[in-house]
file run_28.csv (CSV, C-alpha atoms)
chain,number,residue,atom,x,y,z
T,979,MET,CA,61.3,95.7,104.1
T,980,ASN,CA,64.7,97.4,104.2
T,981,LYS,CA,67.6,95.7,102.3
T,982,ILE,CA,71.0,95.0,103.8
T,983,SER,CA,73.5,97.1,102.0
T,984,VAL,CA,76.6,96.8,104.2
T,985,VAL,CA,77.8,93.8,106.3
T,986,GLY,CA,80.6,93.7,108.8
T,987,ILE,CA,82.0,90.2,109.6
T,988,ASP,CA,84.3,89.6,112.6
T,989,LEU,CA,86.2,86.5,111.5
T,990,GLY,CA,87.1,83.6,113.7
T,991,LYS,CA,88.0,79.9,113.5
T,992,ASN,CA,84.6,78.4,114.3
T,993,VAL,CA,82.5,81.3,115.5
T,994,PHE,CA,81.7,84.5,113.5
T,995,HIS,CA,79.8,87.7,114.5
T,996,VAL,CA,77.9,89.6,111.8
T,997,ARG,CA,76.4,93.0,111.7
T,998,GLY,CA,74.3,94.2,108.7
T,999,VAL,CA,72.9,97.7,108.1
T,1000,ASP,CA,70.8,99.4,105.4
T,1001,GLN,CA,71.8,102.4,103.4
T,1002,ALA,CA,70.8,104.7,106.2
T,1003,GLY,CA,73.0,102.8,108.7
T,1004,GLN,CA,70.1,101.3,110.6
T,1005,ARG,CA,70.9,97.9,112.1
T,1006,LEU,CA,69.1,95.0,110.5
T,1007,VAL,CA,71.2,92.0,111.5
T,1008,GLN,CA,73.3,91.4,114.6
T,1009,ARG,CA,74.0,87.6,114.9
T,1010,ARG,CA,76.5,85.0,115.9
T,1011,PHE,CA,77.1,82.2,113.4
T,1012,THR,CA,79.0,79.0,113.1
T,1013,ARG,CA,81.1,78.5,110.0
T,1014,THR,CA,78.6,76.3,108.2
T,1015,ALA,CA,75.6,78.5,109.2
T,1016,LEU,CA,77.5,81.6,108.0
T,1017,ARG,CA,78.1,80.1,104.6
T,1018,ARG,CA,74.5,79.2,104.2
T,1019,TRP,CA,73.4,82.7,105.2
T,1020,LEU,CA,75.9,84.4,102.9
T,1021,ILE,CA,74.8,82.3,99.9
T,1022,GLN,CA,71.2,83.6,100.3
T,1023,LEU,CA,72.3,87.2,100.9
T,1024,PRO,CA,71.8,89.6,97.9
T,1025,PRO,CA,75.0,91.2,96.7
T,1026,CYS,CA,76.2,94.0,99.0
T,1027,VAL,CA,79.3,95.5,100.5
T,1028,ILE,CA,81.1,93.1,103.0
T,1029,GLY,CA,83.9,94.3,105.2
T,1030,MET,CA,86.4,92.2,107.1
T,1031,GLU,CA,89.7,92.6,108.9
T,1032,THR,CA,92.8,91.1,107.4
T,1033,CYS,CA,93.5,88.0,109.5
T,1034,ALA,CA,93.9,84.3,109.0
T,1035,GLY,CA,91.3,83.1,106.4
T,1036,ALA,CA,90.3,86.6,105.3
T,1037,HIS,CA,91.6,86.2,101.7
T,1038,HIS,CA,89.9,82.8,101.4
T,1039,TRP,CA,86.6,84.3,102.5
T,1040,GLY,CA,87.2,87.3,100.2
T,1041,ARG,CA,87.7,85.1,97.1
T,1042,TRP,CA,84.7,83.0,97.8
T,1043,LEU,CA,82.4,86.0,98.5
T,1044,ARG,CA,83.5,87.6,95.3
T,1045,THR,CA,82.2,84.6,93.4
T,1046,LEU,CA,78.8,85.3,95.0
T,1047,GLY,CA,78.8,88.8,93.6
T,1048,HIS,CA,79.6,90.7,96.8
T,1049,ASP,CA,81.8,93.8,97.0
T,1050,VAL,CA,84.4,92.5,99.5
T,1051,ARG,CA,86.7,95.0,101.2
T,1052,LEU,CA,89.5,93.9,103.5
T,1053,MET,CA,90.9,96.4,106.1
T,1054,SER,CA,93.9,96.5,108.4
T,1055,PRO,CA,92.9,95.9,112.0
T,1056,GLN,CA,94.7,99.1,113.1
T,1057,PHE,CA,92.3,101.2,111.0
T,1058,VAL,CA,89.3,99.4,112.4
T,1059,LYS,CA,90.3,99.8,116.0
T,1060,ALA,CA,89.3,103.5,116.1
T,1061,TYR,CA,85.7,102.6,115.5
T,1062,VAL,CA,85.3,100.2,118.4
T,1063,LYS,CA,83.0,101.8,121.0
T,1064,SER,CA,83.5,101.2,124.7
T,1065,ASN,CA,84.8,97.7,125.8
T,1066,LYS,CA,86.0,95.3,123.1
T,1067,ASN,CA,84.1,92.2,122.2
T,1068,ASP,CA,83.3,90.3,119.0
T,1069,ALA,CA,79.9,91.9,118.5
T,1070,ARG,CA,81.4,95.4,118.9
T,1071,ASP,CA,84.2,94.4,116.5
T,1072,ALA,CA,81.7,93.4,113.9
T,1073,GLU,CA,79.9,96.8,114.4
T,1074,ALA,CA,83.2,98.7,114.1
T,1075,ILE,CA,84.0,96.8,110.9
T,1076,CYS,CA,80.6,97.6,109.5
T,1077,GLU,CA,81.1,101.3,110.2
T,1078,ALA,CA,84.7,101.5,109.1
T,1079,VAL,CA,84.0,99.9,105.7
T,1080,THR,CA,81.7,102.7,104.8
T,1081,ARG,CA,84.3,105.5,105.3
T,1082,PRO,CA,85.2,107.1,102.0
T,1083,THR,CA,88.9,107.6,103.0
T,1084,MET,CA,89.4,104.0,104.3
T,1085,ARG,CA,92.4,102.1,102.9
T,1086,TYR,CA,91.7,98.6,101.7
T,1087,VAL,CA,93.9,95.5,101.4
T,1088,PRO,CA,93.8,93.8,98.0
T,1089,ILE,CA,92.6,90.2,98.1
T,1090,LYS,CA,95.4,87.8,97.3
T,1091,SER,CA,95.0,85.0,94.8
T,1092,ARG,CA,95.7,81.4,95.7
T,1093,ALA,CA,99.0,81.5,93.6
T,1094,GLN,CA,100.1,84.6,95.6
T,1095,GLN,CA,99.4,82.9,98.9
T,1096,GLU,CA,101.2,79.7,97.8
T,1097,LEU,CA,104.3,81.7,96.9
T,1098,GLN,CA,104.1,83.8,100.0
T,1099,MET,CA,103.8,80.6,102.1
T,1100,GLN,CA,107.1,79.4,100.6
T,1101,HIS,CA,108.8,82.7,101.5
T,1102,ARG,CA,107.5,82.4,105.1
T,1103,ILE,CA,108.8,78.8,105.4
T,1104,ARG,CA,112.2,79.9,104.0
T,1105,GLN,CA,112.3,82.8,106.4
T,1106,ARG,CA,111.7,80.4,109.3
T,1107,VAL,CA,114.2,77.8,108.1
T,1108,VAL,CA,116.9,80.4,107.7
T,1109,ALA,CA,116.3,81.7,111.2
T,1110,GLU,CA,116.6,78.2,112.6
T,1111,ARG,CA,119.8,77.7,110.7
T,1112,THR,CA,121.3,80.9,112.1
T,1113,ALA,CA,120.2,79.9,115.6
T,1114,LEU,CA,121.8,76.4,115.2
T,1115,ALA,CA,125.0,77.9,113.8
T,1116,ASN,CA,125.3,80.2,116.8
T,1117,GLN,CA,124.6,77.3,119.2
T,1118,ILE,CA,127.3,75.2,117.6
T,1119,ARG,CA,129.8,78.1,117.8
T,1120,GLY,CA,128.9,78.6,121.5
T,1121,PHE,CA,129.4,74.9,122.3
T,1122,LEU,CA,132.7,74.7,120.6
T,1123,LEU,CA,133.9,77.8,122.5
T,1124,GLU,CA,133.2,76.0,125.8
T,1125,PHE,CA,135.8,73.5,124.7
T,1126,GLY,CA,138.4,76.1,123.7
T,1127,ILE,CA,137.6,76.0,120.0
T,1128,PRO,CA,136.9,79.4,118.6
T,1129,VAL,CA,135.2,79.7,115.2
T,1130,SER,CA,135.1,82.9,113.2
T,1131,GLN,CA,131.7,84.5,112.4
T,1132,GLY,CA,130.1,83.5,109.2
T,1133,ILE,CA,128.1,80.3,108.5
T,1134,ALA,CA,130.3,79.4,105.6
T,1135,ARG,CA,133.4,79.3,107.8
T,1136,LEU,CA,131.5,77.2,110.3
T,1137,ARG,CA,130.6,74.7,107.6
T,1138,ARG,CA,134.2,74.4,106.4
T,1139,CYS,CA,135.8,73.9,109.9
T,1140,LEU,CA,133.2,71.5,111.4
T,1141,PRO,CA,134.5,68.3,109.7
T,1142,ASP,CA,138.1,69.1,110.8
T,1143,VAL,CA,137.0,69.9,114.4
T,1144,VAL,CA,135.1,66.6,114.7
T,1145,GLU,CA,138.0,64.6,113.3
T,1146,ASP,CA,140.8,66.4,115.2
T,1147,GLY,CA,141.7,64.2,118.1
T,1148,SER,CA,144.0,66.8,119.7
T,1149,ASN,CA,141.2,69.1,120.8
T,1150,GLU,CA,139.3,68.9,124.2
T,1151,LEU,CA,136.1,67.4,122.8
T,1152,THR,CA,135.1,64.2,124.6
T,1153,PRO,CA,133.8,61.3,122.5
T,1154,ASN,CA,130.3,62.1,123.6
T,1155,ALA,CA,130.7,65.8,122.8
T,1156,ARG,CA,132.2,64.9,119.5
T,1157,ALA,CA,129.2,62.8,118.6
T,1158,ILE,CA,126.9,65.7,119.6
T,1159,ILE,CA,128.7,68.2,117.4
T,1160,GLU,CA,128.6,65.7,114.5
T,1161,GLY,CA,124.8,65.4,114.9
T,1162,LEU,CA,124.5,69.2,114.9
T,1163,ARG,CA,126.6,69.3,111.7
T,1164,LEU,CA,124.3,66.9,110.0
T,1165,GLU,CA,121.3,68.9,111.2
T,1166,LEU,CA,122.9,72.1,109.8
T,1167,ARG,CA,123.4,70.3,106.5
T,1168,ASP,CA,119.7,69.3,106.3
T,1169,LEU,CA,118.7,72.9,106.9
T,1170,ASP,CA,121.0,74.0,104.1
T,1171,GLU,CA,119.4,71.5,101.8
T,1172,HIS,CA,115.9,72.6,102.8
T,1173,VAL,CA,116.8,76.3,102.0
T,1174,ALA,CA,118.3,75.1,98.6
T,1175,VAL,CA,115.1,73.4,97.7
T,1176,LEU,CA,113.0,76.4,98.5
T,1177,ASP,CA,115.4,78.7,96.6
T,1178,GLY,CA,115.2,76.3,93.6
T,1179,ARG,CA,111.4,76.6,93.5
T,1180,MET,CA,111.6,80.4,93.6
T,1181,MET,CA,114.2,80.4,90.8
T,1182,VAL,CA,111.8,78.5,88.6
T,1183,MET,CA,109.0,80.9,89.4
T,1184,ALA,CA,111.2,83.9,88.7
T,1185,GLU,CA,112.1,82.5,85.3
T,1186,VAL,CA,108.5,81.8,84.1
T,1187,ASP,CA,106.8,84.9,85.5
T,1188,ASP,CA,107.2,87.9,83.3
T,1189,ARG,CA,106.8,90.3,86.2
T,1190,CYS,CA,109.7,88.7,88.1
T,1191,ARG,CA,111.9,88.8,85.0
T,1192,ARG,CA,111.3,92.5,84.6
T,1193,LEU,CA,111.9,93.3,88.2
T,1194,GLN,CA,115.2,91.5,88.1
T,1195,THR,CA,116.5,94.0,85.5
T,1196,ILE,CA,116.7,96.5,88.4
T,1197,PRO,CA,120.2,96.3,90.0
T,1198,GLY,CA,119.9,94.8,93.5
T,1199,ILE,CA,116.7,92.8,92.9
T,1200,GLY,CA,117.2,89.0,92.4
T,1201,PRO,CA,114.8,86.1,92.2
T,1202,LEU,CA,114.1,86.0,96.0
T,1203,THR,CA,113.1,89.7,96.1
T,1204,ALA,CA,111.2,89.6,92.8
T,1205,THR,CA,109.1,86.6,93.9
T,1206,ALA,CA,108.5,88.1,97.3
T,1207,LEU,CA,107.2,91.4,95.7
T,1208,VAL,CA,104.9,89.5,93.4
T,1209,ALA,CA,103.5,87.4,96.2
T,1210,SER,CA,102.8,90.4,98.5
T,1211,ILE,CA,101.7,93.0,96.0
T,1212,GLY,CA,100.1,91.1,93.1
T,1213,ASP,CA,99.4,94.2,91.1
T,1214,ALA,CA,101.4,97.4,91.5
T,1215,ARG,CA,98.5,99.4,89.8
T,1216,GLN,CA,96.7,99.4,93.2
T,1217,PHE,CA,99.2,102.1,94.2
T,1218,ALA,CA,98.5,105.6,92.8
T,1219,ASN,CA,102.2,106.4,92.3
T,1220,ALA,CA,105.7,105.2,93.0
T,1221,ARG,CA,105.9,107.0,96.4
T,1222,SER,CA,102.7,105.2,97.6
T,1223,LEU,CA,104.4,101.9,97.1
T,1224,SER,CA,107.6,103.1,98.9
T,1225,ALA,CA,105.4,104.4,101.8
T,1226,TRP,CA,103.6,101.1,102.0
T,1227,LEU,CA,106.9,99.4,102.4
T,1228,GLY,CA,107.9,101.8,105.2
T,1229,LEU,CA,110.8,103.3,103.3
T,1230,VAL,CA,109.8,107.0,103.5
T,1231,PRO,CA,110.4,109.4,106.4
T,1232,ARG,CA,108.0,109.7,109.3
T,1233,GLN,CA,106.5,113.1,109.8
T,1234,HIS,CA,105.9,115.1,113.0
T,1235,SER,CA,104.6,118.4,111.7
T,1236,THR,CA,102.6,121.2,113.3
T,1237,GLY,CA,102.0,124.9,112.8
T,1238,GLY,CA,103.0,124.7,109.2
T,1239,LYS,CA,106.5,123.6,110.1
T,1240,SER,CA,107.5,120.3,108.6
T,1241,ARG,CA,109.7,117.9,110.6
T,1242,LEU,CA,110.9,114.7,109.0
T,1243,LEU,CA,112.3,111.8,111.1
T,1244,GLY,CA,113.7,108.4,110.3
T,1245,ILE,CA,111.9,105.9,108.0
T,1246,SER,CA,108.4,104.8,109.1
T,1247,LYS,CA,109.2,101.0,109.0
T,1248,ARG,CA,105.5,100.4,108.4
T,1249,GLY,CA,104.3,97.5,106.2
T,1250,ASP,CA,105.9,94.2,105.4
T,1251,ARG,CA,109.2,94.0,107.3
T,1252,TYR,CA,110.4,91.0,105.3
T,1253,LEU,CA,110.0,92.9,102.0
T,1254,ARG,CA,111.8,95.9,103.4
T,1255,THR,CA,114.6,93.8,104.6
T,1256,LEU,CA,115.1,92.2,101.2
T,1257,LEU,CA,115.1,95.6,99.5
T,1258,ILE,CA,117.7,96.9,101.9
T,1259,HIS,CA,119.9,93.8,101.5
T,1260,GLY,CA,119.6,94.3,97.7
T,1261,ALA,CA,120.5,97.9,98.0
T,1262,ARG,CA,123.6,97.0,100.0
T,1263,ALA,CA,124.7,94.6,97.2
T,1264,ALA,CA,123.9,97.3,94.5
T,1265,LEU,CA,126.0,99.9,96.4
T,1266,ARG,CA,129.0,97.5,96.3
T,1267,GLY,CA,128.8,97.4,92.6
T,1268,ALA,CA,127.9,101.0,92.0
T,1269,ALA,CA,131.6,102.1,91.6
T,1270,LYS,CA,131.8,99.9,88.5
T,1271,ARG,CA,128.9,101.6,86.8
T,1272,GLN,CA,128.6,105.0,85.2
T,1273,ASP,CA,124.8,105.5,85.1
T,1274,ARG,CA,123.1,108.3,86.9
T,1275,ARG,CA,121.7,106.2,89.8
T,1276,SER,CA,125.1,104.8,90.7
T,1277,GLN,CA,126.7,108.2,90.7
T,1278,TRP,CA,123.9,109.6,92.8
T,1279,VAL,CA,124.2,106.9,95.5
T,1280,LEU,CA,128.0,107.1,95.6
T,1281,ASP,CA,127.8,110.9,96.1
T,1282,LEU,CA,125.2,110.4,98.8
T,1283,GLU,CA,127.4,107.8,100.6
T,1284,GLN,CA,130.2,110.3,100.7
T,1285,ARG,CA,128.0,113.1,102.1
T,1286,ARG,CA,125.7,111.1,104.5
T,1287,GLY,CA,127.4,107.8,105.2
T,1288,ARG,CA,126.9,104.2,104.0
T,1289,ASN,CA,123.8,103.2,106.0
T,1290,ILE,CA,121.8,106.3,104.9
T,1291,ALA,CA,122.8,105.7,101.3
T,1292,ILE,CA,121.7,102.1,101.5
T,1293,VAL,CA,118.2,103.0,102.8
T,1294,ALA,CA,117.9,105.8,100.3
T,1295,LEU,CA,118.8,103.4,97.5
T,1296,ALA,CA,116.2,100.9,98.8
T,1297,ASN,CA,113.6,103.6,98.6
T,1298,LYS,CA,114.6,104.4,95.1
T,1299,MET,CA,114.5,100.7,94.2
T,1300,ALA,CA,110.9,100.5,95.5
T,1301,ARG,CA,109.9,103.4,93.2
T,1302,MET,CA,111.6,101.7,90.3
T,1303,VAL,CA,109.7,98.5,91.0
T,1304,TRP,CA,106.4,100.5,90.6
T,1305,ALA,CA,107.5,102.1,87.3
T,1306,VAL,CA,108.8,98.8,85.8
T,1307,TRP,CA,105.7,97.0,86.9
T,1308,VAL,CA,103.1,99.5,85.8
T,1309,HIS,CA,104.7,100.4,82.5
T,1310,ASP,CA,105.5,96.7,81.6
T,1311,GLU,CA,109.0,97.5,80.5
T,1312,ASP,CA,112.5,96.5,81.6
T,1313,TYR,CA,114.7,98.9,83.7
T,1314,GLN,CA,116.8,101.2,81.6
T,1315,PRO,CA,119.6,103.0,83.4
T,1316,LEU,CA,120.0,106.7,82.6
T,1317,SER,CA,123.5,107.8,81.5
T,1318,VAL,CA,125.2,110.6,83.4

call {"tool": "encode", "arguments": {"input": "run_28.csv", "output": "structure tokens"}}
result
Amino acid sequence: MNKISVVGIDLGKNVFHVRGVDQAGQRLVQRRFTRTALRRWLIQLPPCVIGMETCAGAHHWGRWLRTLGHDVRLMSPQFVKAYVKSNKNDARDAEAICEAVTRPTMRYVPIKSRAQQELQMQHRIRQRVVAERTALANQIRGFLLEFGIPVSQGIARLRRCLPDVVEDGSNELTPNARAIIEGLRLELRDLDEHVAVLDGRMMVMAEVDDRCRRLQTIPGIGPLTATALVASIGDARQFANARSLSAWLGLVPRQHSTGGKSRLLGISKRGDRYLRTLLIHGARAALRGAAKRQDRRSQWVLDLEQRRGRNIAIVALANKMARMVWAVWVHDEDYQPLSV
């Protein structure tokens, strides 16, 4: 009897489709499982290669399957899509996953640990709360403008002026509108406190984790960016070199080359947008302090800013910071600036 060597699983919430093939690629299994039935079947399955798309629950399944001795490989759905034949359905998705996982040039996604997912969960919550706070601040500013009370941009200015606006009896706010604005002010305060709690947790994580401490020696990287990098990447050694990490973050130029003629465009913006945003914000802060430093990196970015403009210099510095992250992480050493 032929032995199953490769399995493709199309993950779902309660229903899962599985395709299993032997070493020659001949189909041996094509079935639909419930969650409980799939677990029972996988426990009895001899160790083999199991491919899945990265989606909700994929890392959980990957960790559990590894404890059973399986070689688990997660893939981005965009790389699996090319192997879907004809019309899409769950059975064909499982077939495409089974075929894609056998390709020698396929790129795989590392399985995250529970600690990584917990830390990343905190970052996602913080991202949502900050977005809600920004939306609330804009709404308050719009409401006040309807009553002839302009407030300058910046959430800090809004916090400072709101108590005075509510207490000022000479403005056009009616008693009911005044109560509404006061309620929105309290809601804004609650969101500030929620963000502060999340920031405090990440500060503690950044202090106790040696990787975060080393990453923070790079100018422009603070506790928030360091913990986000640790949560998303886990181990920088999965990247062959520093440029691979920068490309994974979408900070390298796109290419449109043909006929031996190379044409470079803007940055690719692939990968984790949240990480890329944090690095660019960090680069913006580092550029502001570059004039006070005399190291080679600071002089390079200041010269680039004069030649190409501020925005290009910021993105180029973010690209360089990503490469420094790889070097600091892989070599287990603090960042040491080079003198001019």

call {"tool": "atom_distance", "arguments": {"input": "run_28.csv", "atom1": "CA of Gly1228 (chain T)", "atom2": "CA of Ser1246 (chain T)"}}
result
4.9 Å

call {"tool": "residues_around", "arguments": {"input": "run_28.csv", "residues": "Ala1174 (chain T)", "least_positions_apart": "5", "cutoff": "12 Å", "atoms": "all atoms listed in the file", "output": "list in words"}}
result
Arg1104, Val1107, Val1108, Arg1167, Asp1168, Leu1169, Arg1179, Met1180, Met1181 and Leu1202 of chain T

call {"tool": "write_last_selection", "arguments": {"input": "run_28.csv", "atoms": "C-alpha atoms", "output": "mmCIF file, keeping the file's coordinate frame"}}
result
data_model
loop_
_atom_site.group_PDB
_atom_site.id
_atom_site.type_symbol
_atom_site.label_atom_id
_atom_site.label_comp_id
_atom_site.auth_asym_id
_atom_site.auth_seq_id
_atom_site.Cartn_x
_atom_site.Cartn_y
_atom_site.Cartn_z
ATOM 1 C CA ARG T 1104 112.200 79.900 104.000
ATOM 2 C CA VAL T 1107 114.200 77.800 108.100
ATOM 3 C CA VAL T 1108 116.900 80.400 107.700
ATOM 4 C CA ARG T 1167 123.400 70.300 106.500
ATOM 5 C CA ASP T 1168 119.700 69.300 106.300
ATOM 6 C CA LEU T 1169 118.700 72.900 106.900
ATOM 7 C CA ARG T 1179 111.400 76.600 93.500
ATOM 8 C CA MET T 1180 111.600 80.400 93.600
ATOM 9 C CA MET T 1181 114.200 80.400 90.800
ATOM 10 C CA LEU T 1202 114.100 86.000 96.000
#

call {"tool": "residues_around", "arguments": {"input": "run_28.csv", "residues": "Met1084 (chain T)", "least_positions_apart": "6", "cutoff": "10 Å", "atoms": "all atoms listed in the file", "output": "JSON, numbers by chain"}}
result
{"T": [1051, 1053, 1054, 1057, 1058, 1078]}

call {"tool": "write_last_selection", "arguments": {"input": "run_28.csv", "atoms": "C-alpha atoms", "output": "compact mmCIF listing (two decimals), keeping the file's coordinate frame"}}
result
# COMPACT_ATOMS: atom_id res chain seq x y z
CA ARG T 1051 86.70 95.00 101.20
CA MET T 1053 90.90 96.40 106.10
CA SER T 1054 93.90 96.50 108.40
CA PHE T 1057 92.30 101.20 111.00
CA VAL T 1058 89.30 99.40 112.40
CA ALA T 1078 84.70 101.50 109.10

call {"tool": "atom_distance", "arguments": {"input": "run_28.csv", "atom1": "CA of Leu1122 (chain T)", "atom2": "CA of Asp1170 (chain T)"}}
result
20.2 Å

call {"tool": "residues_around", "arguments": {"input": "run_28.csv", "residues": "Gln1100 (chain T)", "least_positions_apart": "4", "cutoff": "10 Å", "atoms": "all atoms listed in the file", "output": "list in words"}}
result
Gln1095, Glu1096, Arg1104, Gln1105, Arg1106, Leu1176, Asp1177, Arg1179, Met1180, Ala1206 and Ala1209 of chain T

call {"tool": "residues_around", "arguments": {"input": "run_28.csv", "residues": "Val1303 (chain T)", "least_positions_apart": "4", "cutoff": "12 Å", "atoms": "only C-alpha atoms", "output": "PDB file with C-alpha atoms, in the coordinates of the input"}}
result
ATOM      1  CA  ARG T1189     106.800  90.300  86.200  1.00  0.00           C
ATOM      2  CA  CYS T1190     109.700  88.700  88.100  1.00  0.00           C
ATOM      3  CA  ARG T1191     111.900  88.800  85.000  1.00  0.00           C
ATOM      4  CA  ARG T1192     111.300  92.500  84.600  1.00  0.00           C
ATOM      5  CA  LEU T1193     111.900  93.300  88.200  1.00  0.00           C
ATOM      6  CA  GLN T1194     115.200  91.500  88.100  1.00  0.00           C
ATOM      7  CA  THR T1195     116.500  94.000  85.500  1.00  0.00           C
ATOM      8  CA  ILE T1196     116.700  96.500  88.400  1.00  0.00           C
ATOM      9  CA  PRO T1197     120.200  96.300  90.000  1.00  0.00           C
ATOM     10  CA  GLY T1198     119.900  94.800  93.500  1.00  0.00           C
ATOM     11  CA  ILE T1199     116.700  92.800  92.900  1.00  0.00           C
ATOM     12  CA  THR T1203     113.100  89.700  96.100  1.00  0.00           C
ATOM     13  CA  ALA T1204     111.200  89.600  92.800  1.00  0.00           C
ATOM     14  CA  LEU T1207     107.200  91.400  95.700  1.00  0.00           C
ATOM     15  CA  VAL T1208     104.900  89.500  93.400  1.00  0.00           C
ATOM     16  CA  ILE T1211     101.700  93.000  96.000  1.00  0.00           C
ATOM     17  CA  ASP T1213      99.400  94.200  91.100  1.00  0.00           C
ATOM     18  CA  ALA T1214     101.400  97.400  91.500  1.00  0.00           C
ATOM     19  CA  ARG T1215      98.500  99.400  89.800  1.00  0.00           C
ATOM     20  CA  PHE T1217      99.200 102.100  94.200  1.00  0.00           C
ATOM     21  CA  ASN T1219     102.200 106.400  92.300  1.00  0.00           C
ATOM     22  CA  ALA T1220     105.700 105.200  93.000  1.00  0.00           C
ATOM     23  CA  ARG T1221     105.900 107.000  96.400  1.00  0.00           C
ATOM     24  CA  SER T1222     102.700 105.200  97.600  1.00  0.00           C
ATOM     25  CA  LEU T1223     104.400 101.900  97.100  1.00  0.00           C
ATOM     26  CA  SER T1224     107.600 103.100  98.900  1.00  0.00           C
ATOM     27  CA  LEU T1227     106.900  99.400 102.400  1.00  0.00           C
ATOM     28  CA  LEU T1257     115.100  95.600  99.500  1.00  0.00           C
ATOM     29  CA  ALA T1296     116.200 100.900  98.800  1.00  0.00           C
ATOM     30  CA  ASN T1297     113.600 103.600  98.600  1.00  0.00           C
ATOM     31  CA  LYS T1298     114.600 104.400  95.100  1.00  0.00           C
ATOM     32  CA  MET T1299     114.500 100.700  94.200  1.00  0.00           C
ATOM     33  CA  TRP T1307     105.700  97.000  86.900  1.00  0.00           C
ATOM     34  CA  VAL T1308     103.100  99.500  85.800  1.00  0.00           C
ATOM     35  CA  HIS T1309     104.700 100.400  82.500  1.00  0.00           C
ATOM     36  CA  ASP T1310     105.500  96.700  81.600  1.00  0.00           C
ATOM     37  CA  GLU T1311     109.000  97.500  80.500  1.00  0.00           C
ATOM     38  CA  ASP T1312     112.500  96.500  81.600  1.00  0.00           C
ATOM     39  CA  TYR T1313     114.700  98.900  83.700  1.00  0.00           C
TER      40      TYR T1313
END

call {"tool": "atom_distance", "arguments": {"input": "run_28.csv", "atom1": "CA of Val996 (chain T)", "atom2": "CA of Ile1021 (chain T)"}}
result
14.3 Å

call {"tool": "closest_residue", "arguments": {"input": "run_28.csv", "among": "T:Ala1093, T:Leu1229, T:Val984, T:Val993", "to": "Lys1247 (chain T)", "atoms": "all atoms listed in the file"}}
result
T:Leu1229

call {"tool": "residues_around", "arguments": {"input": "run_28.csv", "residues": "His1048 (chain T)", "least_positions_apart": "3", "cutoff": "7 Å", "atoms": "all atoms listed in the file", "output": "ChimeraX atom specification"}}
result
/T:1025-1028,1043-1044

call {"tool": "residues_near_point", "arguments": {"input": "run_28.csv", "point": "(88.2, 91.1, 105.0)", "cutoff": "7 Å", "atoms": "all atoms listed in the file", "output": "PyMOL selection string"}}
result
chain T and resi 1029-1032+1036-1037+1040+1050-1053

call {"tool": "decode", "arguments": {"input": "run_28.csv", "residues": "region 1160-1172 of chain T", "atoms": "N, CA and C atoms", "output": "JSON list (two decimals), in the first residue's frame"}}
result
[["chain", "number", "residue", "atom", "x", "y", "z"],
["T", 1160, "GLU", "N", -18.60, 66.91, 27.05],
["T", 1160, "GLU", "CA", -17.96, 66.41, 28.27],
["T", 1160, "GLU", "C", -17.91, 64.87, 28.26],
["T", 1161, "GLY", "N", -18.97, 64.24, 27.78],
["T", 1161, "GLY", "CA", -18.96, 62.78, 27.68],
["T", 1161, "GLY", "C", -17.90, 62.29, 26.70],
["T", 1162, "LEU", "N", -17.76, 63.00, 25.58],
["T", 1162, "LEU", "CA", -16.73, 62.63, 24.62],
["T", 1162, "LEU", "C", -15.32, 62.84, 25.19],
["T", 1163, "ARG", "N", -15.17, 63.88, 26.02],
["T", 1163, "ARG", "CA", -13.86, 64.13, 26.66],
["T", 1163, "ARG", "C", -13.50, 62.98, 27.59],
["T", 1164, "LEU", "N", -14.48, 62.49, 28.34],
["T", 1164, "LEU", "CA", -14.22, 61.36, 29.24],
["T", 1164, "LEU", "C", -13.90, 60.09, 28.45],
["T", 1165, "GLU", "N", -14.59, 59.93, 27.32],
["T", 1165, "GLU", "CA", -14.31, 58.76, 26.47],
["T", 1165, "GLU", "C", -12.89, 58.85, 25.91],
["T", 1166, "LEU", "N", -12.46, 60.05, 25.53],
["T", 1166, "LEU", "CA", -11.09, 60.23, 25.03],
["T", 1166, "LEU", "C", -10.08, 59.93, 26.13],
["T", 1167, "ARG", "N", -10.39, 60.33, 27.36],
["T", 1167, "ARG", "CA", -9.49, 60.04, 28.48],
["T", 1167, "ARG", "C", -9.38, 58.54, 28.71],
["T", 1168, "ASP", "N", -10.49, 57.82, 28.59],
["T", 1168, "ASP", "CA", -10.46, 56.36, 28.78],
["T", 1168, "ASP", "C", -9.60, 55.68, 27.71],
["T", 1169, "LEU", "N", -9.68, 56.16, 26.47],
["T", 1169, "LEU", "CA", -8.85, 55.60, 25.41],
["T", 1169, "LEU", "C", -7.37, 55.88, 25.66],
["T", 1170, "ASP", "N", -7.07, 57.08, 26.18],
["T", 1170, "ASP", "CA", -5.68, 57.41, 26.53],
["T", 1170, "ASP", "C", -5.16, 56.45, 27.59],
["T", 1171, "GLU", "N", -5.99, 56.16, 28.58],
["T", 1171, "GLU", "CA", -5.58, 55.25, 29.65],
["T", 1171, "GLU", "C", -5.37, 53.83, 29.11],
["T", 1172, "HIS", "N", -6.22, 53.42, 28.17],
["T", 1172, "HIS", "CA", -6.08, 52.08, 27.58],
["T", 1172, "HIS", "C", -4.76, 51.98, 26.82]]
